[in-house]
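target.cif (mmCIF, C-alpha atoms and all ligand atoms)
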data_entry
loop_
_atom_site.label_atom_id
_atom_site.label_comp_id
_atom_site.auth_asym_id
_atom_site.auth_seq_id
_atom_site.Cartn_x
_atom_site.Cartn_y
_atom_site.Cartn_z
CA MET E 1 -103.73 37.98 -28.38
CA PRO E 2 -103.15 37.18 -24.71
CA PRO E 3 -99.70 38.16 -23.43
CA ASP E 4 -98.41 34.59 -23.29
CA ALA E 5 -99.57 33.71 -26.81
CA ILE E 6 -96.20 34.50 -28.37
CA ALA E 7 -94.41 32.23 -25.92
CA ALA E 8 -96.90 29.44 -26.67
CA ASN E 9 -96.51 29.98 -30.42
CA TYR E 10 -92.74 29.91 -30.10
CA ARG E 11 -92.79 26.66 -28.15
CA MET E 12 -95.06 25.06 -30.73
CA ILE E 13 -92.84 26.26 -33.58
CA LEU E 14 -89.74 24.83 -31.91
CA SER E 15 -91.38 21.44 -31.46
CA ARG E 16 -92.56 21.37 -35.09
CA LEU E 17 -89.12 22.43 -36.25
CA ALA E 18 -87.53 19.66 -34.24
CA ALA E 19 -89.93 17.10 -35.70
CA ALA E 20 -89.29 18.32 -39.26
CA ALA E 21 -85.53 18.20 -38.71
CA GLN E 22 -85.83 14.70 -37.33
CA ARG E 23 -87.81 13.53 -40.36
CA ALA E 24 -84.99 14.75 -42.56
CA GLY E 25 -82.26 13.28 -40.37
CA ARG E 26 -81.02 16.74 -39.45
CA ASP E 27 -79.91 18.17 -36.12
CA PRO E 28 -82.63 20.62 -34.96
CA HIS E 29 -79.88 22.92 -33.69
CA GLN E 30 -78.94 23.62 -37.31
CA VAL E 31 -82.19 25.57 -37.69
CA GLN E 32 -82.69 29.04 -36.26
CA VAL E 33 -85.92 30.97 -35.97
CA LEU E 34 -85.95 34.54 -37.17
CA GLY E 35 -88.93 36.56 -36.00
CA ALA E 36 -90.15 38.44 -39.08
CA SER E 37 -91.17 41.47 -37.08
CA LYS E 38 -92.46 44.02 -39.60
CA THR E 39 -95.47 45.90 -38.14
CA VAL E 40 -94.98 44.17 -34.78
CA PRO E 41 -94.65 46.72 -31.97
CA VAL E 42 -91.83 46.72 -29.43
CA ASP E 43 -93.91 45.43 -26.53
CA ARG E 44 -94.72 42.26 -28.47
CA LEU E 45 -91.05 41.89 -29.43
CA ARG E 46 -90.24 42.03 -25.72
CA GLN E 47 -92.64 39.13 -25.17
CA ALA E 48 -90.80 37.16 -27.83
CA VAL E 49 -87.47 38.00 -26.23
CA ALA E 50 -88.81 36.89 -22.84
CA ALA E 51 -89.85 33.61 -24.50
CA GLY E 52 -86.27 33.11 -25.68
CA LEU E 53 -86.23 34.45 -29.24
CA ARG E 54 -83.04 36.33 -30.00
CA ARG E 55 -83.27 37.06 -33.74
CA PHE E 56 -85.51 39.47 -35.57
CA GLY E 57 -85.77 40.30 -39.26
CA GLU E 58 -87.02 43.71 -40.32
CA ASN E 59 -88.09 44.88 -43.79
CA TYR E 60 -87.89 48.66 -43.48
CA LEU E 61 -85.07 50.73 -42.03
CA GLN E 62 -87.34 53.51 -40.81
CA GLU E 63 -89.42 51.03 -38.87
CA ALA E 64 -86.45 49.04 -37.61
CA LYS E 65 -84.34 51.86 -36.19
CA PRO E 66 -86.57 52.84 -33.24
CA LYS E 67 -87.23 49.18 -32.43
CA ILE E 68 -83.53 48.40 -32.40
CA ALA E 69 -82.94 51.43 -30.16
CA ALA E 70 -85.75 50.40 -27.80
CA LEU E 71 -84.30 46.90 -27.39
CA ALA E 72 -80.67 47.98 -27.26
CA GLY E 73 -80.21 46.46 -23.79
CA GLU E 74 -81.03 42.96 -25.04
CA GLN E 75 -78.75 40.47 -26.75
CA ILE E 76 -80.54 40.47 -30.09
CA SER E 77 -79.30 39.78 -33.57
CA TRP E 78 -81.07 42.01 -36.10
CA HIS E 79 -81.37 40.87 -39.70
CA PHE E 80 -82.55 42.84 -42.72
CA ILE E 81 -84.97 40.86 -44.91
CA GLY E 82 -86.64 43.53 -47.06
CA HIS E 83 -85.74 45.05 -50.38
CA LEU E 84 -82.71 47.29 -49.90
CA GLN E 85 -81.94 50.42 -51.87
CA SER E 86 -78.27 51.17 -52.41
CA ASN E 87 -78.62 54.61 -50.84
CA LYS E 88 -79.58 52.88 -47.57
CA ALA E 89 -76.43 50.75 -47.48
CA ARG E 90 -74.71 52.93 -44.88
CA GLU E 91 -77.52 52.54 -42.40
CA ALA E 92 -78.00 48.87 -43.20
CA VAL E 93 -74.42 47.92 -42.31
CA ARG E 94 -74.67 49.94 -39.15
CA TYR E 95 -77.75 48.17 -37.82
CA PHE E 96 -77.83 44.62 -39.15
CA ASP E 97 -75.79 41.49 -38.46
CA LEU E 98 -77.05 39.73 -41.58
CA ILE E 99 -78.56 41.20 -44.73
CA HIS E 100 -80.67 38.56 -46.52
CA SER E 101 -81.55 40.51 -49.64
CA VAL E 102 -78.43 41.18 -51.70
CA ASP E 103 -79.65 40.65 -55.24
CA ARG E 104 -77.48 42.78 -57.52
CA PRO E 105 -73.83 43.75 -57.93
CA SER E 106 -74.49 47.48 -57.47
CA LEU E 107 -76.02 46.87 -54.04
CA ALA E 108 -73.11 44.63 -53.05
CA THR E 109 -70.68 47.37 -54.05
CA ALA E 110 -72.60 49.96 -52.01
CA LEU E 111 -72.56 47.64 -48.97
CA GLU E 112 -68.83 47.00 -49.44
CA GLN E 113 -68.09 50.73 -49.39
CA ALA E 114 -70.30 51.29 -46.36
CA ALA E 115 -68.81 48.36 -44.44
CA ALA E 116 -65.26 49.44 -45.29
CA LYS E 117 -65.98 52.90 -43.91
CA ILE E 118 -66.87 51.56 -40.48
CA GLY E 119 -64.36 48.71 -40.51
CA LYS E 120 -66.95 45.96 -40.49
CA ILE E 121 -67.10 42.65 -42.26
CA GLN E 122 -70.77 42.45 -43.27
CA ASP E 123 -72.42 39.04 -43.50
CA ILE E 124 -74.84 38.77 -46.39
CA LEU E 125 -77.05 36.29 -48.19
CA LEU E 126 -77.72 36.35 -51.92
CA GLU E 127 -81.45 36.57 -52.60
CA ILE E 128 -82.54 34.39 -55.48
CA ASN E 129 -85.81 34.84 -57.37
CA LEU E 130 -86.35 31.17 -58.18
CA ALA E 131 -89.62 31.50 -60.08
CA GLY E 132 -88.67 34.65 -61.95
CA GLU E 133 -91.59 36.54 -60.43
CA ALA E 134 -91.66 40.13 -61.66
CA SER E 135 -93.24 41.28 -58.38
CA LYS E 136 -90.30 40.07 -56.30
CA SER E 137 -86.69 41.07 -56.00
CA GLY E 138 -83.87 38.59 -56.17
CA ALA E 139 -81.27 37.62 -58.72
CA ALA E 140 -82.21 35.09 -61.37
CA PRO E 141 -80.64 31.68 -60.67
CA ALA E 142 -78.60 32.11 -63.86
CA GLU E 143 -77.11 35.33 -62.45
CA ALA E 144 -76.06 33.74 -59.16
CA VAL E 145 -72.56 32.77 -60.28
CA GLU E 146 -71.81 36.27 -61.50
CA LEU E 147 -73.23 37.87 -58.36
CA LEU E 148 -71.26 35.58 -56.09
CA GLN E 149 -68.10 36.17 -58.13
CA HIS E 150 -68.62 39.90 -57.74
CA CYS E 151 -69.13 39.64 -53.97
CA LEU E 152 -66.05 37.46 -53.52
CA GLY E 153 -64.01 40.38 -54.80
CA LEU E 154 -65.34 42.65 -52.05
CA PRO E 155 -63.22 42.23 -48.91
CA HIS E 156 -65.74 43.68 -46.44
CA LEU E 157 -68.56 41.36 -47.48
CA ARG E 158 -68.86 37.74 -46.46
CA VAL E 159 -71.43 35.70 -48.36
CA VAL E 160 -72.70 33.06 -45.94
CA GLY E 161 -75.55 31.59 -47.97
CA LEU E 162 -78.70 32.08 -50.01
CA MET E 163 -82.24 33.33 -49.41
CA ALA E 164 -85.44 32.79 -51.37
CA MET E 165 -89.17 33.28 -51.13
CA PRO E 166 -91.19 30.88 -53.31
CA PRO E 167 -94.41 32.00 -55.03
CA TRP E 168 -97.25 32.21 -52.55
CA ASP E 169 -99.37 29.09 -52.43
CA PRO E 170 -101.72 27.86 -49.71
CA ASP E 171 -100.29 24.35 -50.09
CA PRO E 172 -96.91 24.11 -48.32
CA GLU E 173 -95.91 21.22 -50.58
CA ALA E 174 -95.97 23.64 -53.52
CA SER E 175 -92.91 25.33 -52.00
CA ARG E 176 -90.87 22.15 -51.78
CA PRO E 177 -89.43 22.18 -55.31
CA TYR E 178 -88.27 25.78 -54.78
CA PHE E 179 -86.62 25.02 -51.45
CA ARG E 180 -84.92 22.05 -53.03
CA ALA E 181 -83.80 24.19 -55.98
CA LEU E 182 -82.24 26.73 -53.62
CA ARG E 183 -80.31 24.01 -51.80
CA GLN E 184 -79.14 22.52 -55.08
CA LEU E 185 -78.07 25.94 -56.34
CA ARG E 186 -76.07 26.37 -53.13
CA ASP E 187 -74.44 22.98 -53.67
CA ARG E 188 -73.51 23.89 -57.25
CA LEU E 189 -72.03 27.23 -56.19
CA GLU E 190 -69.94 25.57 -53.48
CA HIS E 191 -68.74 23.09 -56.07
CA GLN E 192 -67.93 25.82 -58.57
CA PHE E 193 -66.08 27.98 -56.03
CA PRO E 194 -63.82 25.59 -54.12
CA GLY E 195 -63.01 26.82 -50.63
CA ILE E 196 -66.20 28.88 -50.42
CA SER E 197 -68.76 27.74 -47.88
CA LEU E 198 -72.41 28.82 -48.05
CA PRO E 199 -73.88 27.15 -44.97
CA GLU E 200 -76.99 29.32 -44.53
CA LEU E 201 -80.26 28.76 -46.37
CA SER E 202 -82.86 31.36 -45.40
CA MET E 203 -86.12 29.83 -46.57
CA GLY E 204 -89.50 28.99 -45.12
CA MET E 205 -92.18 31.27 -43.70
CA SER E 206 -95.21 30.66 -41.48
CA ALA E 207 -97.09 28.52 -44.00
CA ASP E 208 -94.25 26.30 -45.19
CA TYR E 209 -91.39 26.33 -42.68
CA GLU E 210 -91.63 22.62 -41.88
CA VAL E 211 -91.19 21.74 -45.55
CA ALA E 212 -88.28 24.21 -45.71
CA VAL E 213 -86.58 22.50 -42.78
CA GLU E 214 -87.02 19.12 -44.44
CA GLU E 215 -85.25 20.59 -47.48
CA GLY E 216 -82.32 22.06 -45.55
CA ALA E 217 -83.32 25.49 -44.23
CA THR E 218 -81.04 26.91 -41.54
CA LEU E 219 -83.01 30.12 -41.00
CA VAL E 220 -86.80 30.22 -41.09
CA ARG E 221 -88.41 33.67 -41.21
CA LEU E 222 -91.63 33.56 -39.21
CA GLY E 223 -94.13 36.37 -38.85
CA THR E 224 -97.75 35.36 -38.37
CA ALA E 225 -96.98 31.93 -36.87
CA LEU E 226 -95.16 33.70 -34.08
CA PHE E 227 -96.85 37.07 -33.63
CA GLY E 228 -100.34 36.44 -35.03
CA PRO E 229 -101.91 38.13 -38.06
CA ARG E 230 -100.50 41.45 -39.23
CA PRO E 231 -102.80 44.43 -39.61
CA ALA E 232 -104.22 44.60 -43.13
CA LYS E 233 -102.18 46.68 -45.57
CA THR E 234 -103.62 50.14 -46.19
C1 LIG E 301 -93.13 39.09 -43.77
C2 LIG E 301 -92.00 38.26 -44.21
C3 LIG E 301 -91.85 36.95 -43.73
C4 LIG E 301 -92.81 36.28 -42.76
O1 LIG E 301 -94.04 36.03 -43.33
P1 LIG E 301 -95.13 35.12 -42.55
O2 LIG E 301 -95.90 34.47 -43.62
O3 LIG E 301 -95.93 36.05 -41.72
O4 LIG E 301 -94.38 34.16 -41.71
C5 LIG E 301 -90.75 36.24 -44.17
N1 LIG E 301 -89.86 36.74 -45.04
C6 LIG E 301 -89.99 37.99 -45.54
C7 LIG E 301 -88.97 38.48 -46.48
C8 LIG E 301 -91.06 38.77 -45.15
O5 LIG E 301 -91.18 40.01 -45.65
#
Do you think you could lay out the structure here as structure tokens?
Ligand SMILES: *Cc1c(COP(=O)(O)O)cnc(C)c1O
Amino acid sequence: MPPDAIAANYRMILSRLAAAAQRAGRDPHQVQVLGASKTVPVDRLRQAVAAGLRRFGENYLQEAKPKIAALAGEQISWHFIGHLQSNKAREAVRYFDLIHSVDRPSLATALEQAAAKIGKIQDILLEINLAGEASKSGAAPAEAVELLQHCLGLPHLRVVGLMAMPPWDPDPEASRPYFRALRQLRDRLEHQFPGISLPELSMGMSADYEVAVEEGATLVRLGTALFGPRPAKT
């Protein structure tokens, strides 16, 4: 890709986001782009930063650490969007402003202990496996109440919303019922836990982010739409 391709992609994404928000009667400023930057090297992240992107989501700690170090001089918010093992909790709270993938009480407890140790209040999202796909992590929707209840008892965690990844489908409209279900689950949880606010909905990827925004997404996680195709998995 030419060096300015990322900037051009980012501009196009922002204009599509704005149009999608408008269609849904939403303020485009309620939607933030997270660059899903797994496998993307630091020099391309710098291009995205130069284009104005200030948020990246990484899936693997080992990959993220050197990238975070390399870009330490920039004002960047780093999010963790991959599956997290409890034994990585200490590093996760050290490096990430928002952890999207809290899907079980034992992980929440590990993050609580790690955050307490460094005196941090860790923002998290609860990851929900809406379709019950065995290949994906995420709590079942029926477990969400219990998971949230558990997290609310942990003083160094702050649950700010929900995250989900619908089953892959080439048709973006196929994702709509899942995005809607996540928003409705959020609404039910807020109703069930008065005084608790879950403003963030992390949903929508390169193929379906416009639909996600129409359904209430506040964080869209974009990889290929922003950075181009990833190298094939080996
Ligand atoms: C890779 C990844 C994305 C981005 O996927 P694209 O289809 O390339 O936009 C979003 N969310 C998660 C959790 C990912 O692992």
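The smallest atom-to-atom distance between Leu157 of chain E and any of E:Gln122, E:Ser101, E:Gln62, E:Ser77, using all atoms listed in the file, is found for E:Gln122.
Across the model, the gap from atom CA of Glu210 of chain E to atom CA of Glu74 of chain E is 28.5 Å.
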- Task: Tell me which of E:Leu98, E:Val40, E:Ala131, E:Leu84 sits closest to Leu219 of chain E, counting all atoms listed in the file.
- Result: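 When distances to Leu219 of chain E are compared using all atoms listed in the file, the smallest one comes from E:Leu98.
If one restricts the calculation to only C-alpha atoms and all ligand atoms, the set of residues situated within 7 Å of ligand LIG 301 (chain E) consists of Ala36, Lys38, Asn59, Ile81, Gly82, Met165, Met205, Ser206, Ala207, Arg221, Leu222, Gly223, Thr224 and Ala225 of chain E.
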Mind running segment 103-163 of chain E against segment 175-187 of chain E at 12 Å and telling me each contacting residue's nearest atom pair with the distance in Å (one decimal), counting only C-alpha atoms, chain and number ascending, as a tab-separated table?
residue	atom	partner	partner_atom	distance
E:Leu125	CA	E:Arg186	CA	11.1
E:Leu126	CA	E:Arg186	CA	10.2
E:Glu127	CA	E:Leu182	CA	9.9
E:Ile128	CA	E:Leu182	CA	7.9
E:Asn129	CA	E:Leu182	CA	9.6
E:Leu130	CA	E:Tyr178	CA	6.7
E:Ala131	CA	E:Tyr178	CA	7.9
E:Gly132	CA	E:Tyr178	CA	11.4
E:Ala140	CA	E:Leu185	CA	11.2
E:Pro141	CA	E:Leu185	CA	7.6
E:Ala142	CA	E:Leu185	CA	9.7
E:Glu143	CA	E:Leu185	CA	11.2
E:Ala144	CA	E:Leu185	CA	8.5
E:Val145	CA	E:Leu185	CA	9.6
E:Leu148	CA	E:Arg186	CA	10.8
E:Val159	CA	E:Arg186	CA	11.5
E:Val160	CA	E:Arg186	CA	10.4
E:Gly161	CA	E:Arg186	CA	7.4
E:Leu162	CA	E:Arg186	CA	7.0
E:Met163	CA	E:Leu182	CA	7.8
- Task: One decimal, Å: what's the distance from atom CA of Val42 of chain E over to atom CA of Ala5 of chain E, could you say?
- Result: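 Computed distance, atom CA of Val42 of chain E to atom CA of Ala5 of chain E, equals 15.4 Å.
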As JSON, what would the box around segment 25-31 of chain E look like: edges along x, y and z, 4 Å added on every side, centre and edge lengths in Å to one decimal?
{"center_x": -80.8, "center_y": 19.4, "center_z": -37.0, "size_x": 11.7, "size_y": 20.3, "size_z": 14.7}
Quick one: everything within 10 Å of Gln22 of chain E, counting all atoms listed in the file, minus sequence neighbours fewer than 6 positions away in the same chain. Send it as a PDB file with C-alpha atoms, keeping the file's coordinate frame.
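Everything below was put into part_9.pdb:
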ATOM      1  CA  ARG E  16     -92.560  21.370 -35.090  1.00  0.00           C
ATOM      2  CA  PRO E  28     -82.630  20.620 -34.960  1.00  0.00           C
ATOM      3  CA  VAL E 213     -86.580  22.500 -42.780  1.00  0.00           C
ATOM      4  CA  GLU E 214     -87.020  19.120 -44.440  1.00  0.00           C
TER       5      GLU E 214
END
- Task: Could you give me, as a list in words, the residues that sit within 9 Å of (-68.0, 40.4, -47.3) in the file's coordinates, counting only C-alpha atoms?
- Result: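 So the residues meeting the distance criterion are Ala108, Leu111, Glu112, Ala115, Lys120, Ile121, Gln122, Asp123, Ile124, Cys151, Leu152, Gly153, Leu154, Pro155, His156, Leu157, Arg158, Val159 and Val160 of chain E.
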- Task: Compute the distance from (-87.8, 21.9, -29.1) to each atom, counting only C-alpha atoms, keep the residues with any atom at most 12 Å away, and return them as an MDAnalysis selection string; use the coordinates of the file.
- Result: chainID E and resid 9:22 27:29 31:33 52
- Query: If you count all atoms listed in the file, which residues fall within 12 Å of Ala70 of chain E, apart from same-chain ones fewer than 6 positions away, as a PyMOL selection string?
  - Reply: chain E and resi 41-43+45-46+63-64+76
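For the pair atom CA of His100 of chain E and atom CA of Leu34 of chain E, the interatomic distance is 11.5 Å.
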Output of segment 86-98 of chain E limited to all heavy atoms, as a PDB file, in the first residue's frame:
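Okay, part-v5.pdb is ready:
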ATOM      1  N   SER E  86      -5.821 -15.506  32.519  1.00  0.00           N
ATOM      2  CA  SER E  86      -5.728 -14.886  33.847  1.00  0.00           C
ATOM      3  C   SER E  86      -4.280 -14.640  34.260  1.00  0.00           C
ATOM      4  O   SER E  86      -3.990 -13.662  34.953  1.00  0.00           O
ATOM      5  CB  SER E  86      -6.432 -15.754  34.890  1.00  0.00           C
ATOM      6  OG  SER E  86      -7.818 -15.788  34.613  1.00  0.00           O
ATOM      7  N   ASN E  87      -3.371 -15.511  33.838  1.00  0.00           N
ATOM      8  CA  ASN E  87      -1.976 -15.309  34.252  1.00  0.00           C
ATOM      9  C   ASN E  87      -1.303 -14.141  33.530  1.00  0.00           C
ATOM     10  O   ASN E  87      -0.166 -13.800  33.823  1.00  0.00           O
ATOM     11  CB  ASN E  87      -1.161 -16.610  34.105  1.00  0.00           C
ATOM     12  CG  ASN E  87      -1.074 -17.081  32.667  1.00  0.00           C
ATOM     13  OD1 ASN E  87      -1.486 -16.375  31.739  1.00  0.00           O
ATOM     14  ND2 ASN E  87      -0.553 -18.271  32.458  1.00  0.00           N
ATOM     15  N   LYS E  88      -2.035 -13.505  32.601  1.00  0.00           N
ATOM     16  CA  LYS E  88      -1.512 -12.306  31.931  1.00  0.00           C
ATOM     17  C   LYS E  88      -2.148 -11.028  32.480  1.00  0.00           C
ATOM     18  O   LYS E  88      -1.922  -9.942  31.947  1.00  0.00           O
ATOM     19  CB  LYS E  88      -1.791 -12.373  30.419  1.00  0.00           C
ATOM     20  CG  LYS E  88      -1.165 -13.582  29.723  1.00  0.00           C
ATOM     21  CD  LYS E  88       0.295 -13.314  29.420  1.00  0.00           C
ATOM     22  CE  LYS E  88       1.064 -14.571  28.989  1.00  0.00           C
ATOM     23  NZ  LYS E  88       0.538 -15.166  27.756  1.00  0.00           N
ATOM     24  N   ALA E  89      -2.945 -11.175  33.537  1.00  0.00           N
ATOM     25  CA  ALA E  89      -3.691 -10.018  34.052  1.00  0.00           C
ATOM     26  C   ALA E  89      -2.761  -8.885  34.487  1.00  0.00           C
ATOM     27  O   ALA E  89      -3.049  -7.711  34.251  1.00  0.00           O
ATOM     28  CB  ALA E  89      -4.587 -10.456  35.214  1.00  0.00           C
ATOM     29  N   ARG E  90      -1.645  -9.251  35.129  1.00  0.00           N
ATOM     30  CA  ARG E  90      -0.737  -8.220  35.634  1.00  0.00           C
ATOM     31  C   ARG E  90      -0.211  -7.337  34.519  1.00  0.00           C
ATOM     32  O   ARG E  90      -0.164  -6.116  34.642  1.00  0.00           O
ATOM     33  CB  ARG E  90       0.440  -8.867  36.363  1.00  0.00           C
ATOM     34  CG  ARG E  90       0.272  -8.796  37.861  1.00  0.00           C
ATOM     35  CD  ARG E  90       1.339  -9.566  38.556  1.00  0.00           C
ATOM     36  NE  ARG E  90       2.660  -8.977  38.312  1.00  0.00           N
ATOM     37  CZ  ARG E  90       3.701  -9.235  39.087  1.00  0.00           C
ATOM     38  NH1 ARG E  90       3.578 -10.020  40.123  1.00  0.00           N
ATOM     39  NH2 ARG E  90       4.870  -8.691  38.818  1.00  0.00           N
ATOM     40  N   GLU E  91       0.187  -7.982  33.429  1.00  0.00           N
ATOM     41  CA  GLU E  91       0.686  -7.191  32.303  1.00  0.00           C
ATOM     42  C   GLU E  91      -0.445  -6.422  31.631  1.00  0.00           C
ATOM     43  O   GLU E  91      -0.275  -5.279  31.218  1.00  0.00           O
ATOM     44  CB  GLU E  91       1.381  -8.105  31.299  1.00  0.00           C
ATOM     45  CG  GLU E  91       2.689  -8.623  31.840  1.00  0.00           C
ATOM     46  CD  GLU E  91       3.568  -9.170  30.740  1.00  0.00           C
ATOM     47  OE1 GLU E  91       3.231 -10.242  30.196  1.00  0.00           O
ATOM     48  OE2 GLU E  91       4.579  -8.521  30.423  1.00  0.00           O
ATOM     49  N   ALA E  92      -1.591  -7.041  31.543  1.00  0.00           N
ATOM     50  CA  ALA E  92      -2.714  -6.381  30.864  1.00  0.00           C
ATOM     51  C   ALA E  92      -3.081  -5.061  31.550  1.00  0.00           C
ATOM     52  O   ALA E  92      -3.299  -4.051  30.881  1.00  0.00           O
ATOM     53  CB  ALA E  92      -3.912  -7.320  30.799  1.00  0.00           C
ATOM     54  N   VAL E  93      -3.154  -5.055  32.860  1.00  0.00           N
ATOM     55  CA  VAL E  93      -3.551  -3.809  33.540  1.00  0.00           C
ATOM     56  C   VAL E  93      -2.443  -2.767  33.449  1.00  0.00           C
ATOM     57  O   VAL E  93      -2.696  -1.571  33.530  1.00  0.00           O
ATOM     58  CB  VAL E  93      -3.951  -4.017  35.022  1.00  0.00           C
ATOM     59  CG1 VAL E  93      -5.087  -5.006  35.144  1.00  0.00           C
ATOM     60  CG2 VAL E  93      -2.776  -4.433  35.875  1.00  0.00           C
ATOM     61  N   ARG E  94      -1.232  -3.229  33.250  1.00  0.00           N
ATOM     62  CA  ARG E  94      -0.129  -2.290  33.143  1.00  0.00           C
ATOM     63  C   ARG E  94      -0.156  -1.562  31.803  1.00  0.00           C
ATOM     64  O   ARG E  94       0.197  -0.387  31.712  1.00  0.00           O
ATOM     65  CB  ARG E  94       1.175  -3.086  33.282  1.00  0.00           C
ATOM     66  CG  ARG E  94       2.339  -2.205  33.500  1.00  0.00           C
ATOM     67  CD  ARG E  94       3.569  -3.005  33.911  1.00  0.00           C
ATOM     68  NE  ARG E  94       4.717  -2.356  33.308  1.00  0.00           N
ATOM     69  CZ  ARG E  94       5.797  -2.972  32.891  1.00  0.00           C
ATOM     70  NH1 ARG E  94       5.911  -4.274  33.020  1.00  0.00           N
ATOM     71  NH2 ARG E  94       6.764  -2.293  32.344  1.00  0.00           N
ATOM     72  N   TYR E  95      -0.583  -2.240  30.751  1.00  0.00           N
ATOM     73  CA  TYR E  95      -0.434  -1.672  29.418  1.00  0.00           C
ATOM     74  C   TYR E  95      -1.708  -1.084  28.807  1.00  0.00           C
ATOM     75  O   TYR E  95      -1.628  -0.295  27.882  1.00  0.00           O
ATOM     76  CB  TYR E  95       0.113  -2.741  28.456  1.00  0.00           C
ATOM     77  CG  TYR E  95       1.566  -3.048  28.687  1.00  0.00           C
ATOM     78  CD1 TYR E  95       1.961  -4.174  29.404  1.00  0.00           C
ATOM     79  CD2 TYR E  95       2.548  -2.186  28.194  1.00  0.00           C
ATOM     80  CE1 TYR E  95       3.301  -4.450  29.618  1.00  0.00           C
ATOM     81  CE2 TYR E  95       3.883  -2.453  28.406  1.00  0.00           C
ATOM     82  CZ  TYR E  95       4.262  -3.582  29.117  1.00  0.00           C
ATOM     83  OH  TYR E  95       5.590  -3.840  29.329  1.00  0.00           O
ATOM     84  N   PHE E  96      -2.888  -1.494  29.279  1.00  0.00           N
ATOM     85  CA  PHE E  96      -4.086  -1.175  28.513  1.00  0.00           C
ATOM     86  C   PHE E  96      -5.093  -0.303  29.267  1.00  0.00           C
ATOM     87  O   PHE E  96      -5.390  -0.550  30.433  1.00  0.00           O
ATOM     88  CB  PHE E  96      -4.755  -2.471  28.032  1.00  0.00           C
ATOM     89  CG  PHE E  96      -3.875  -3.239  27.095  1.00  0.00           C
ATOM     90  CD1 PHE E  96      -3.137  -4.326  27.541  1.00  0.00           C
ATOM     91  CD2 PHE E  96      -3.734  -2.833  25.776  1.00  0.00           C
ATOM     92  CE1 PHE E  96      -2.294  -5.023  26.683  1.00  0.00           C
ATOM     93  CE2 PHE E  96      -2.895  -3.518  24.907  1.00  0.00           C
ATOM     94  CZ  PHE E  96      -2.173  -4.607  25.363  1.00  0.00           C
ATOM     95  N   ASP E  97      -5.614   0.700  28.558  1.00  0.00           N
ATOM     96  CA  ASP E  97      -6.616   1.593  29.132  1.00  0.00           C
ATOM     97  C   ASP E  97      -7.978   0.926  29.212  1.00  0.00           C
ATOM     98  O   ASP E  97      -8.770   1.236  30.102  1.00  0.00           O
ATOM     99  CB  ASP E  97      -6.741   2.867  28.275  1.00  0.00           C
ATOM    100  CG  ASP E  97      -5.463   3.678  28.307  1.00  0.00           C
ATOM    101  OD1 ASP E  97      -4.835   3.745  29.381  1.00  0.00           O
ATOM    102  OD2 ASP E  97      -5.079   4.228  27.256  1.00  0.00           O
ATOM    103  N   LEU E  98      -8.268   0.071  28.237  1.00  0.00           N
ATOM    104  CA  LEU E  98      -9.568  -0.610  28.238  1.00  0.00           C
ATOM    105  C   LEU E  98      -9.359  -2.048  27.785  1.00  0.00           C
ATOM    106  O   LEU E  98      -8.736  -2.295  26.748  1.00  0.00           O
ATOM    107  CB  LEU E  98     -10.554   0.112  27.300  1.00  0.00           C
ATOM    108  CG  LEU E  98     -11.955  -0.492  27.195  1.00  0.00           C
ATOM    109  CD1 LEU E  98     -12.675  -0.467  28.546  1.00  0.00           C
ATOM    110  CD2 LEU E  98     -12.794   0.270  26.159  1.00  0.00           C
TER     111      LEU E  98
END
